[in-house]
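Colleague: Please find one structure pasted underneath; my questions will follow.
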Amino acid sequence: MAIDPLKGISHAVKKAGETVASTVTSAATTMLHMSSDVAQSSGHFVSNTFHHAVKDAEKEFNTAKKEIQSIVNSGQEAVLKSLAASKIQEYADIIKSLVKAWPRVVSRLGSEVDLLRSEASQKGVSPKVVKAMKKIAISPELRNPLRQAAGKSIKSFAVEFGGNVATVAGVNGALGFVAELQKIANVKRYGSVGLSLGASVGGAGNLALGLYTSSPENYGGPFIASTLQGAFEIGGGIVVSFDLPDLGFGGLAIPVLIGEEINISVGGGYTFIFP
């Protein structure tokens, strides 16, 4: 894949993402809170503050959308999907285990998941968050596949809550926590904004388990992603992301409801760590 289009996407999504991040990370009070101003549909979790920040960056997002569309129009999307397929194949056994285990963990540890959802809207990372992340990581269902992932290139795991940001078409927003696999006490709170082209999205995007190649300190920046349908009999909804502009493997995101209607040809976005 030619590098120039990727540089264009990287610059565009970074500019859009930084515009949003500067708003949602600089507030003097709790920024993204669970209250009457939170837009929740099928568990989606995006506050009005996030909506307003995205709306303020509408020009930047429209530019990013055009850059991402250029990948689709040029046919280079097929190269991205090929790279994504190779990563899903490489991690197939781990992904298959997590696809079965993750919904069970969410069901069994519902109180911990709810706590993380609420705390994601608060400032800082409380001891309760660290305890919940550790409990999820060492759960019988996830312990072995996460250990296997750590034996490869995965350095951290994340629990993420997201939803559509209706103020700008195609834009998604998310909040979550990312923890180091080898040192669970190292937890960071993060936000993410992204664009999806050709997307038909069901409810699967609202709660996801992420596996990432960066440590929590280095997690963040522009990315491009692809979702493959039915790859290696795993099912749809596994999002494979690559760092921009060098296409280094960034990680995988596994929704709690595999098989929901998701058909994203290509997407791009920006992730940022809250101070």
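How things are named: the first chain in the structure tokens is A, the next is B, and so on; residues count from 1 in each chain; ligands count from 1 in the order shown.
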If you run DSSP on the backbone, which residues of region 74-225 of chain A are strand (DSSP E or B), as a compact mmCIF listing (two decimals) with all heavy atoms, in the first residue's frame?
Modeller:
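Wrote out_39.txt, looks like this:
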# COMPACT_ATOMS: atom_id res chain seq x y z
N SER A 156 -1.05 -5.23 26.45
CA SER A 156 -2.09 -4.70 27.33
C SER A 156 -3.47 -5.16 26.88
O SER A 156 -3.65 -5.60 25.74
CB SER A 156 -2.03 -3.17 27.36
OG SER A 156 -2.23 -2.63 26.06
N PHE A 157 -4.42 -5.09 27.79
CA PHE A 157 -5.81 -5.38 27.46
C PHE A 157 -6.67 -4.21 27.91
O PHE A 157 -6.29 -3.45 28.80
CB PHE A 157 -6.28 -6.70 28.08
CG PHE A 157 -6.76 -6.58 29.50
CD1 PHE A 157 -8.11 -6.54 29.79
CD2 PHE A 157 -5.85 -6.52 30.55
CE1 PHE A 157 -8.56 -6.43 31.10
CE2 PHE A 157 -6.29 -6.42 31.87
CZ PHE A 157 -7.65 -6.37 32.13
N ALA A 158 -7.83 -4.07 27.28
CA ALA A 158 -8.70 -2.93 27.58
C ALA A 158 -10.15 -3.37 27.67
O ALA A 158 -10.55 -4.34 27.03
CB ALA A 158 -8.54 -1.85 26.51
N VAL A 159 -10.91 -2.64 28.45
CA VAL A 159 -12.36 -2.78 28.49
C VAL A 159 -12.91 -1.43 28.03
O VAL A 159 -12.62 -0.39 28.63
CB VAL A 159 -12.86 -3.12 29.91
CG1 VAL A 159 -14.40 -3.18 29.92
CG2 VAL A 159 -12.27 -4.45 30.37
N GLU A 160 -13.71 -1.46 26.96
CA GLU A 160 -14.12 -0.23 26.29
C GLU A 160 -15.63 -0.15 26.13
O GLU A 160 -16.29 -1.14 25.82
CB GLU A 160 -13.46 -0.16 24.91
CG GLU A 160 -13.82 1.05 24.09
CD GLU A 160 -13.04 1.10 22.78
OE1 GLU A 160 -11.80 1.26 22.83
OE2 GLU A 160 -13.67 0.95 21.72
N PHE A 161 -16.17 1.06 26.33
CA PHE A 161 -17.60 1.33 26.18
C PHE A 161 -17.75 2.40 25.10
O PHE A 161 -17.13 3.46 25.19
CB PHE A 161 -18.20 1.83 27.49
CG PHE A 161 -17.89 0.93 28.66
CD1 PHE A 161 -16.76 1.15 29.44
CD2 PHE A 161 -18.72 -0.14 28.96
CE1 PHE A 161 -16.47 0.32 30.52
CE2 PHE A 161 -18.44 -0.97 30.03
CZ PHE A 161 -17.31 -0.75 30.81
N GLY A 162 -18.59 2.14 24.10
CA GLY A 162 -18.68 3.11 23.02
C GLY A 162 -20.05 3.20 22.40
O GLY A 162 -20.97 2.46 22.74
N GLY A 163 -20.17 4.12 21.45
CA GLY A 163 -21.43 4.31 20.75
C GLY A 163 -21.31 5.35 19.65
O GLY A 163 -20.27 5.97 19.49
N ASN A 164 -22.37 5.48 18.89
CA ASN A 164 -22.37 6.44 17.79
C ASN A 164 -22.46 7.86 18.32
O ASN A 164 -23.13 8.13 19.31
CB ASN A 164 -23.57 6.19 16.86
CG ASN A 164 -23.49 4.85 16.18
OD1 ASN A 164 -22.41 4.35 15.90
ND2 ASN A 164 -24.64 4.25 15.92
N VAL A 171 -19.31 8.94 12.85
CA VAL A 171 -18.32 9.09 13.93
C VAL A 171 -18.75 8.29 15.16
O VAL A 171 -19.92 8.34 15.57
CB VAL A 171 -18.12 10.57 14.31
CG1 VAL A 171 -17.14 10.69 15.48
CG2 VAL A 171 -17.59 11.35 13.11
N ASN A 172 -17.80 7.54 15.73
CA ASN A 172 -18.04 6.79 16.95
C ASN A 172 -17.15 7.34 18.06
O ASN A 172 -16.04 7.80 17.80
CB ASN A 172 -17.71 5.30 16.75
CG ASN A 172 -18.59 4.67 15.69
OD1 ASN A 172 -19.80 4.75 15.76
ND2 ASN A 172 -17.96 4.06 14.69
N GLY A 173 -17.64 7.26 19.28
CA GLY A 173 -16.85 7.68 20.42
C GLY A 173 -16.79 6.57 21.46
O GLY A 173 -17.68 5.73 21.52
N ALA A 174 -15.73 6.52 22.24
CA ALA A 174 -15.58 5.46 23.24
C ALA A 174 -14.77 5.95 24.42
O ALA A 174 -13.94 6.86 24.30
CB ALA A 174 -14.92 4.23 22.62
N LEU A 175 -15.01 5.31 25.56
CA LEU A 175 -14.23 5.52 26.78
C LEU A 175 -13.86 4.15 27.32
O LEU A 175 -14.59 3.18 27.13
CB LEU A 175 -15.06 6.25 27.83
CG LEU A 175 -15.51 7.67 27.52
CD1 LEU A 175 -16.55 8.12 28.53
CD2 LEU A 175 -14.33 8.61 27.53
N GLY A 176 -12.74 4.05 28.00
CA GLY A 176 -12.38 2.77 28.56
C GLY A 176 -11.15 2.83 29.43
O GLY A 176 -10.59 3.90 29.70
N PHE A 177 -10.72 1.64 29.86
CA PHE A 177 -9.51 1.49 30.65
C PHE A 177 -8.60 0.48 29.98
O PHE A 177 -9.07 -0.55 29.49
CB PHE A 177 -9.84 1.03 32.07
CG PHE A 177 -10.60 2.04 32.88
CD1 PHE A 177 -11.98 1.94 33.01
CD2 PHE A 177 -9.94 3.09 33.50
CE1 PHE A 177 -12.68 2.88 33.75
CE2 PHE A 177 -10.63 4.03 34.23
CZ PHE A 177 -12.00 3.92 34.37
N VAL A 178 -7.31 0.77 29.98
CA VAL A 178 -6.32 -0.14 29.41
C VAL A 178 -5.31 -0.47 30.50
O VAL A 178 -4.87 0.41 31.24
CB VAL A 178 -5.64 0.48 28.17
CG1 VAL A 178 -4.96 1.80 28.48
CG2 VAL A 178 -4.67 -0.51 27.52
N ALA A 179 -4.96 -1.75 30.64
CA ALA A 179 -4.06 -2.21 31.69
C ALA A 179 -2.95 -3.07 31.10
O ALA A 179 -3.16 -3.81 30.14
CB ALA A 179 -4.83 -3.00 32.74
N GLU A 180 -1.79 -2.99 31.71
CA GLU A 180 -0.66 -3.81 31.29
C GLU A 180 -0.88 -5.25 31.73
O GLU A 180 -1.24 -5.52 32.89
CB GLU A 180 0.62 -3.26 31.92
CG GLU A 180 1.89 -3.91 31.43
CD GLU A 180 3.13 -3.25 32.01
OE1 GLU A 180 3.01 -2.12 32.56
OE2 GLU A 180 4.21 -3.85 31.92
N VAL A 187 -2.81 0.92 35.12
CA VAL A 187 -4.07 1.14 34.39
C VAL A 187 -4.19 2.60 33.99
O VAL A 187 -3.90 3.50 34.78
CB VAL A 187 -5.28 0.74 35.26
CG1 VAL A 187 -6.59 0.96 34.50
CG2 VAL A 187 -5.17 -0.70 35.73
N LYS A 188 -4.62 2.83 32.76
CA LYS A 188 -4.86 4.19 32.26
C LYS A 188 -6.29 4.29 31.72
O LYS A 188 -6.85 3.33 31.20
CB LYS A 188 -3.88 4.55 31.13
CG LYS A 188 -2.41 4.47 31.51
CD LYS A 188 -2.02 5.56 32.47
CE LYS A 188 -0.52 5.52 32.75
NZ LYS A 188 -0.11 6.53 33.75
N ARG A 189 -6.86 5.48 31.85
CA ARG A 189 -8.18 5.76 31.28
C ARG A 189 -7.98 6.43 29.93
O ARG A 189 -7.11 7.29 29.77
CB ARG A 189 -8.99 6.68 32.20
CG ARG A 189 -10.43 6.90 31.75
CD ARG A 189 -11.22 7.62 32.84
NE ARG A 189 -10.79 8.99 33.04
CZ ARG A 189 -11.48 10.07 32.62
NH1 ARG A 189 -12.62 9.91 31.97
NH2 ARG A 189 -11.04 11.27 32.85
N TYR A 190 -8.76 6.03 28.94
CA TYR A 190 -8.57 6.59 27.60
C TYR A 190 -9.89 6.90 26.91
O TYR A 190 -10.96 6.43 27.31
CB TYR A 190 -7.74 5.63 26.73
CG TYR A 190 -8.46 4.35 26.33
CD1 TYR A 190 -9.18 4.27 25.14
CD2 TYR A 190 -8.40 3.22 27.13
CE1 TYR A 190 -9.83 3.10 24.77
CE2 TYR A 190 -9.04 2.05 26.77
CZ TYR A 190 -9.76 1.99 25.58
OH TYR A 190 -10.40 0.84 25.22
N GLY A 191 -9.80 7.69 25.88
CA GLY A 191 -10.93 7.99 25.02
C GLY A 191 -10.53 7.72 23.58
O GLY A 191 -9.34 7.67 23.25
N SER A 192 -11.52 7.53 22.73
CA SER A 192 -11.24 7.25 21.33
C SER A 192 -12.36 7.80 20.46
O SER A 192 -13.53 7.76 20.85
CB SER A 192 -11.10 5.74 21.10
OG SER A 192 -10.76 5.44 19.76
N VAL A 193 -12.00 8.34 19.32
CA VAL A 193 -12.98 8.76 18.32
C VAL A 193 -12.58 8.16 16.98
O VAL A 193 -11.40 8.05 16.67
CB VAL A 193 -13.07 10.30 18.19
CG1 VAL A 193 -13.80 10.90 19.37
CG2 VAL A 193 -11.70 10.94 18.04
N GLY A 194 -13.56 7.73 16.21
CA GLY A 194 -13.24 7.10 14.94
C GLY A 194 -14.33 7.29 13.91
O GLY A 194 -15.47 7.65 14.23
N LEU A 195 -13.96 7.03 12.67
CA LEU A 195 -14.86 7.12 11.54
C LEU A 195 -15.01 5.75 10.91
O LEU A 195 -14.03 5.03 10.74
CB LEU A 195 -14.31 8.09 10.48
CG LEU A 195 -14.44 9.58 10.75
CD1 LEU A 195 -13.46 10.34 9.87
CD2 LEU A 195 -15.87 10.04 10.45
N SER A 196 -16.24 5.38 10.54
CA SER A 196 -16.49 4.13 9.84
C SER A 196 -17.16 4.43 8.52
O SER A 196 -18.16 5.16 8.49
CB SER A 196 -17.38 3.21 10.69
OG SER A 196 -16.80 2.95 11.93
N LEU A 197 -16.65 3.86 7.43
CA LEU A 197 -17.25 4.05 6.12
C LEU A 197 -17.98 2.77 5.71
O LEU A 197 -17.49 1.67 5.95
CB LEU A 197 -16.19 4.38 5.07
CG LEU A 197 -15.41 5.67 5.29
CD1 LEU A 197 -14.48 5.93 4.11
CD2 LEU A 197 -16.35 6.86 5.46
N VAL A 201 -24.03 -1.09 11.59
CA VAL A 201 -23.58 -1.56 12.89
C VAL A 201 -24.76 -1.89 13.78
O VAL A 201 -25.67 -1.09 13.95
CB VAL A 201 -22.71 -0.49 13.58
CG1 VAL A 201 -22.19 -1.00 14.92
CG2 VAL A 201 -21.54 -0.10 12.69
N LEU A 207 -19.67 -2.57 23.95
CA LEU A 207 -18.79 -3.09 24.99
C LEU A 207 -17.82 -4.05 24.34
O LEU A 207 -18.23 -5.03 23.71
CB LEU A 207 -19.61 -3.80 26.07
CG LEU A 207 -18.82 -4.58 27.13
CD1 LEU A 207 -17.86 -3.65 27.87
CD2 LEU A 207 -19.77 -5.25 28.10
N ALA A 208 -16.53 -3.76 24.47
CA ALA A 208 -15.54 -4.59 23.81
C ALA A 208 -14.35 -4.87 24.70
O ALA A 208 -14.03 -4.09 25.61
CB ALA A 208 -15.07 -3.92 22.52
N LEU A 209 -13.70 -6.00 24.44
CA LEU A 209 -12.43 -6.35 25.06
C LEU A 209 -11.34 -6.10 24.04
O LEU A 209 -11.42 -6.58 22.91
CB LEU A 209 -12.44 -7.83 25.46
CG LEU A 209 -11.12 -8.38 26.02
CD1 LEU A 209 -10.87 -7.82 27.42
CD2 LEU A 209 -11.16 -9.91 26.05
N GLY A 210 -10.34 -5.31 24.41
CA GLY A 210 -9.26 -4.99 23.49
C GLY A 210 -7.95 -5.66 23.87
O GLY A 210 -7.65 -5.82 25.06
N LEU A 211 -7.19 -6.07 22.88
CA LEU A 211 -5.83 -6.58 23.07
C LEU A 211 -4.91 -5.71 22.24
O LEU A 211 -5.09 -5.61 21.02
CB LEU A 211 -5.72 -8.04 22.60
CG LEU A 211 -6.60 -9.08 23.27
CD1 LEU A 211 -6.37 -10.45 22.64
CD2 LEU A 211 -6.34 -9.15 24.76
N TYR A 212 -3.92 -5.08 22.88
CA TYR A 212 -3.11 -4.10 22.16
C TYR A 212 -1.61 -4.33 22.35
O TYR A 212 -1.16 -4.86 23.37
CB TYR A 212 -3.51 -2.68 22.60
CG TYR A 212 -4.95 -2.39 22.27
CD1 TYR A 212 -5.92 -2.30 23.28
CD2 TYR A 212 -5.36 -2.25 20.96
CE1 TYR A 212 -7.25 -2.07 22.96
CE2 TYR A 212 -6.68 -2.02 20.64
CZ TYR A 212 -7.63 -1.93 21.64
OH TYR A 212 -8.95 -1.72 21.33
N GLY A 221 -2.90 7.56 19.75
CA GLY A 221 -2.46 8.03 18.46
C GLY A 221 -3.40 7.62 17.34
O GLY A 221 -4.44 6.99 17.57
N PRO A 222 -3.07 7.96 16.09
CA PRO A 222 -3.93 7.65 14.95
C PRO A 222 -3.86 6.19 14.55
O PRO A 222 -2.82 5.55 14.69
CB PRO A 222 -3.38 8.56 13.84
CG PRO A 222 -1.94 8.74 14.20
CD PRO A 222 -1.88 8.75 15.70
N PHE A 223 -4.97 5.66 14.04
CA PHE A 223 -5.00 4.27 13.59
C PHE A 223 -5.95 4.11 12.41
O PHE A 223 -6.81 4.95 12.15
CB PHE A 223 -5.42 3.34 14.73
CG PHE A 223 -6.84 3.55 15.21
CD1 PHE A 223 -7.91 2.93 14.61
CD2 PHE A 223 -7.09 4.39 16.29
CE1 PHE A 223 -9.22 3.15 15.05
CE2 PHE A 223 -8.38 4.62 16.75
CZ PHE A 223 -9.45 3.99 16.13
N ILE A 224 -5.78 3.00 11.70
CA ILE A 224 -6.71 2.59 10.65
C ILE A 224 -7.13 1.17 10.99
O ILE A 224 -6.33 0.41 11.57
CB ILE A 224 -6.08 2.69 9.25
CG1 ILE A 224 -7.16 2.54 8.16
CG2 ILE A 224 -4.94 1.69 9.07
CD1 ILE A 224 -6.66 2.93 6.77
N ALA A 225 -8.37 0.80 10.68
CA ALA A 225 -8.87 -0.50 11.12
C ALA A 225 -9.76 -1.15 10.07
O ALA A 225 -10.31 -0.48 9.19
CB ALA A 225 -9.66 -0.34 12.42
Colleague: Using only C-alpha atoms, which protein or nucleic acid residues come within 12 Å of Tyr91 (chain A)? Drop anything in the same chain fewer than 2 positions from it, and give the result as a count of residues only.
Modeller: 30
Colleague: From the set A:Val266, A:Ala12, A:Val239, A:Leu244, which residue has the shortest atom-to-atom contact distance to Gln69 (chain A), counting only C-alpha atoms?
Modeller: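 Checking each of A:Val266, A:Ala12, A:Val239, A:Leu244 against Gln69 (chain A), counting only C-alpha atoms, the winner is A:Val266.
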Colleague: Counting only C-alpha atoms, what is within 8 Å of Glu112 (chain A), bar same-chain residues fewer than 4 positions away, as an MDAnalysis selection string?
Modeller: chainID A and resid 116 132 136
Colleague: I need the chosen residues saved as a CSV table (one decimal), in the first residue's frame, with N, CA, C and O atoms.
Modeller:
chain,number,residue,atom,x,y,z
A,116,LEU,N,-16.8,-0.2,36.0
A,116,LEU,CA,-15.9,0.3,35.0
A,116,LEU,C,-16.6,1.3,34.1
A,116,LEU,O,-16.1,2.4,33.7
A,132,ALA,N,-11.1,-4.0,39.7
A,132,ALA,CA,-12.0,-4.6,38.8
A,132,ALA,C,-11.3,-5.1,37.5
A,132,ALA,O,-11.6,-6.2,37.0
A,136,ILE,N,-11.1,-9.1,36.3
A,136,ILE,CA,-11.4,-9.5,35.0
A,136,ILE,C,-10.3,-10.3,34.3
A,136,ILE,O,-10.5,-11.3,33.7
Colleague: Between A:Leu115, A:Val106, A:Ile71, A:Ile184, which is the closest to Ser215 (chain A) once you count only C-alpha atoms?
Modeller: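 Answer, going by the shortest atom-to-atom distance: A:Ile184.
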Colleague: For the structure I just gave you, how does DSSP split region 64-263 of chain A - specifically, which residues are helix (DSSP H, G or I)? Reply as an mmCIF file with C-alpha atoms, in the first residue's frame.
Modeller:
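part_14.cif was written with the following content:
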data_model
loop_
_atom_site.group_PDB
_atom_site.id
_atom_site.type_symbol
_atom_site.label_atom_id
_atom_site.label_comp_id
_atom_site.auth_asym_id
_atom_site.auth_seq_id
_atom_site.Cartn_x
_atom_site.Cartn_y
_atom_site.Cartn_z
ATOM 1 C CA ALA A 64 -10.609 12.634 7.569
ATOM 2 C CA LYS A 65 -13.611 10.954 5.964
ATOM 3 C CA LYS A 66 -12.453 12.039 2.504
ATOM 4 C CA GLU A 67 -8.960 10.714 3.180
ATOM 5 C CA ILE A 68 -10.318 7.338 4.322
ATOM 6 C CA GLN A 69 -12.665 7.222 1.332
ATOM 7 C CA SER A 70 -9.644 7.604 -0.948
ATOM 8 C CA ILE A 71 -8.376 4.229 0.298
ATOM 9 C CA VAL A 72 -11.704 2.629 -0.602
ATOM 10 C CA ASN A 73 -11.907 4.338 -3.988
ATOM 11 C CA SER A 74 -8.373 3.293 -4.943
ATOM 12 C CA GLU A 77 -8.779 -1.352 1.077
ATOM 13 C CA ALA A 78 -8.159 -4.934 -0.101
ATOM 14 C CA VAL A 79 -4.553 -4.712 1.081
ATOM 15 C CA LEU A 80 -5.701 -3.566 4.506
ATOM 16 C CA LYS A 81 -8.193 -6.433 4.723
ATOM 17 C CA SER A 82 -5.464 -8.878 3.736
ATOM 18 C CA LEU A 83 -3.258 -7.592 6.547
ATOM 19 C CA ALA A 84 -6.169 -7.846 8.965
ATOM 20 C CA ALA A 85 -6.939 -11.412 7.852
ATOM 21 C CA SER A 86 -3.332 -12.454 8.435
ATOM 22 C CA LYS A 87 -3.470 -11.130 11.991
ATOM 23 C CA ILE A 88 -6.775 -12.843 12.720
ATOM 24 C CA GLN A 89 -5.255 -16.083 11.432
ATOM 25 C CA GLU A 90 -2.151 -15.577 13.585
ATOM 26 C CA ALA A 92 -7.135 -17.364 15.700
ATOM 27 C CA ASP A 93 -6.906 -19.761 18.659
ATOM 28 C CA ILE A 94 -6.708 -16.914 21.163
ATOM 29 C CA ILE A 95 -9.565 -15.034 19.501
ATOM 30 C CA LYS A 96 -11.778 -18.130 19.428
ATOM 31 C CA SER A 97 -11.194 -18.627 23.148
ATOM 32 C CA LEU A 98 -11.954 -14.995 23.927
ATOM 33 C CA VAL A 99 -15.074 -14.949 21.753
ATOM 34 C CA LYS A 100 -16.510 -17.700 23.968
ATOM 35 C CA ALA A 101 -15.114 -16.396 27.250
ATOM 36 C CA TRP A 102 -15.760 -12.652 27.050
ATOM 37 C CA PRO A 103 -19.600 -12.751 27.127
ATOM 38 C CA ARG A 104 -19.435 -15.181 30.061
ATOM 39 C CA VAL A 105 -17.139 -12.827 31.966
ATOM 40 C CA VAL A 106 -19.425 -9.866 31.276
ATOM 41 C CA SER A 107 -22.374 -11.869 32.568
ATOM 42 C CA ARG A 108 -20.637 -13.279 35.645
ATOM 43 C CA GLY A 110 -21.499 -7.706 35.669
ATOM 44 C CA SER A 111 -20.953 -5.568 38.770
ATOM 45 C CA GLU A 112 -17.288 -5.045 37.846
ATOM 46 C CA VAL A 113 -18.226 -4.142 34.270
ATOM 47 C CA ASP A 114 -20.865 -1.694 35.510
ATOM 48 C CA LEU A 115 -18.317 -0.142 37.872
ATOM 49 C CA LEU A 116 -15.864 0.347 34.985
ATOM 50 C CA ARG A 117 -18.622 1.867 32.851
ATOM 51 C CA SER A 118 -19.401 4.375 35.586
ATOM 52 C CA GLU A 119 -15.767 5.077 36.485
ATOM 53 C CA PRO A 127 -8.291 1.735 43.279
ATOM 54 C CA LYS A 128 -11.730 0.237 42.530
ATOM 55 C CA VAL A 129 -10.936 0.367 38.810
ATOM 56 C CA VAL A 130 -7.585 -1.361 39.275
ATOM 57 C CA LYS A 131 -9.259 -4.063 41.373
ATOM 58 C CA ALA A 132 -11.997 -4.610 38.771
ATOM 59 C CA MET A 133 -9.515 -4.780 35.871
ATOM 60 C CA LYS A 134 -7.418 -7.298 37.780
ATOM 61 C CA LYS A 135 -10.459 -9.421 38.630
ATOM 62 C CA ILE A 136 -11.438 -9.522 34.957
ATOM 63 C CA ALA A 137 -7.887 -10.333 33.801
ATOM 64 C CA ARG A 143 -6.645 -16.025 32.372
ATOM 65 C CA ASN A 144 -5.240 -18.569 29.894
ATOM 66 C CA PRO A 145 -6.032 -16.770 26.600
ATOM 67 C CA LEU A 146 -4.649 -13.500 27.999
ATOM 68 C CA ARG A 147 -1.493 -15.339 29.099
ATOM 69 C CA GLN A 148 -1.160 -16.749 25.582
ATOM 70 C CA ALA A 149 -1.642 -13.274 24.102
ATOM 71 C CA ALA A 150 1.078 -11.903 26.391
ATOM 72 C CA GLY A 203 -25.396 -3.450 19.095
ATOM 73 C CA ALA A 204 -21.987 -5.136 19.229
ATOM 74 C CA GLY A 205 -19.952 -1.986 19.397
ATOM 75 C CA ASN A 206 -21.047 -0.837 22.848
ATOM 76 C CA PRO A 216 -0.700 1.794 28.625
ATOM 77 C CA GLU A 217 1.825 4.675 28.651
ATOM 78 C CA ASN A 218 2.277 4.453 24.891
ATOM 79 C CA ALA A 231 -12.928 -14.942 9.108
ATOM 80 C CA PHE A 232 -11.642 -18.430 9.976
ATOM 81 C CA GLU A 233 -15.087 -19.417 11.308
#
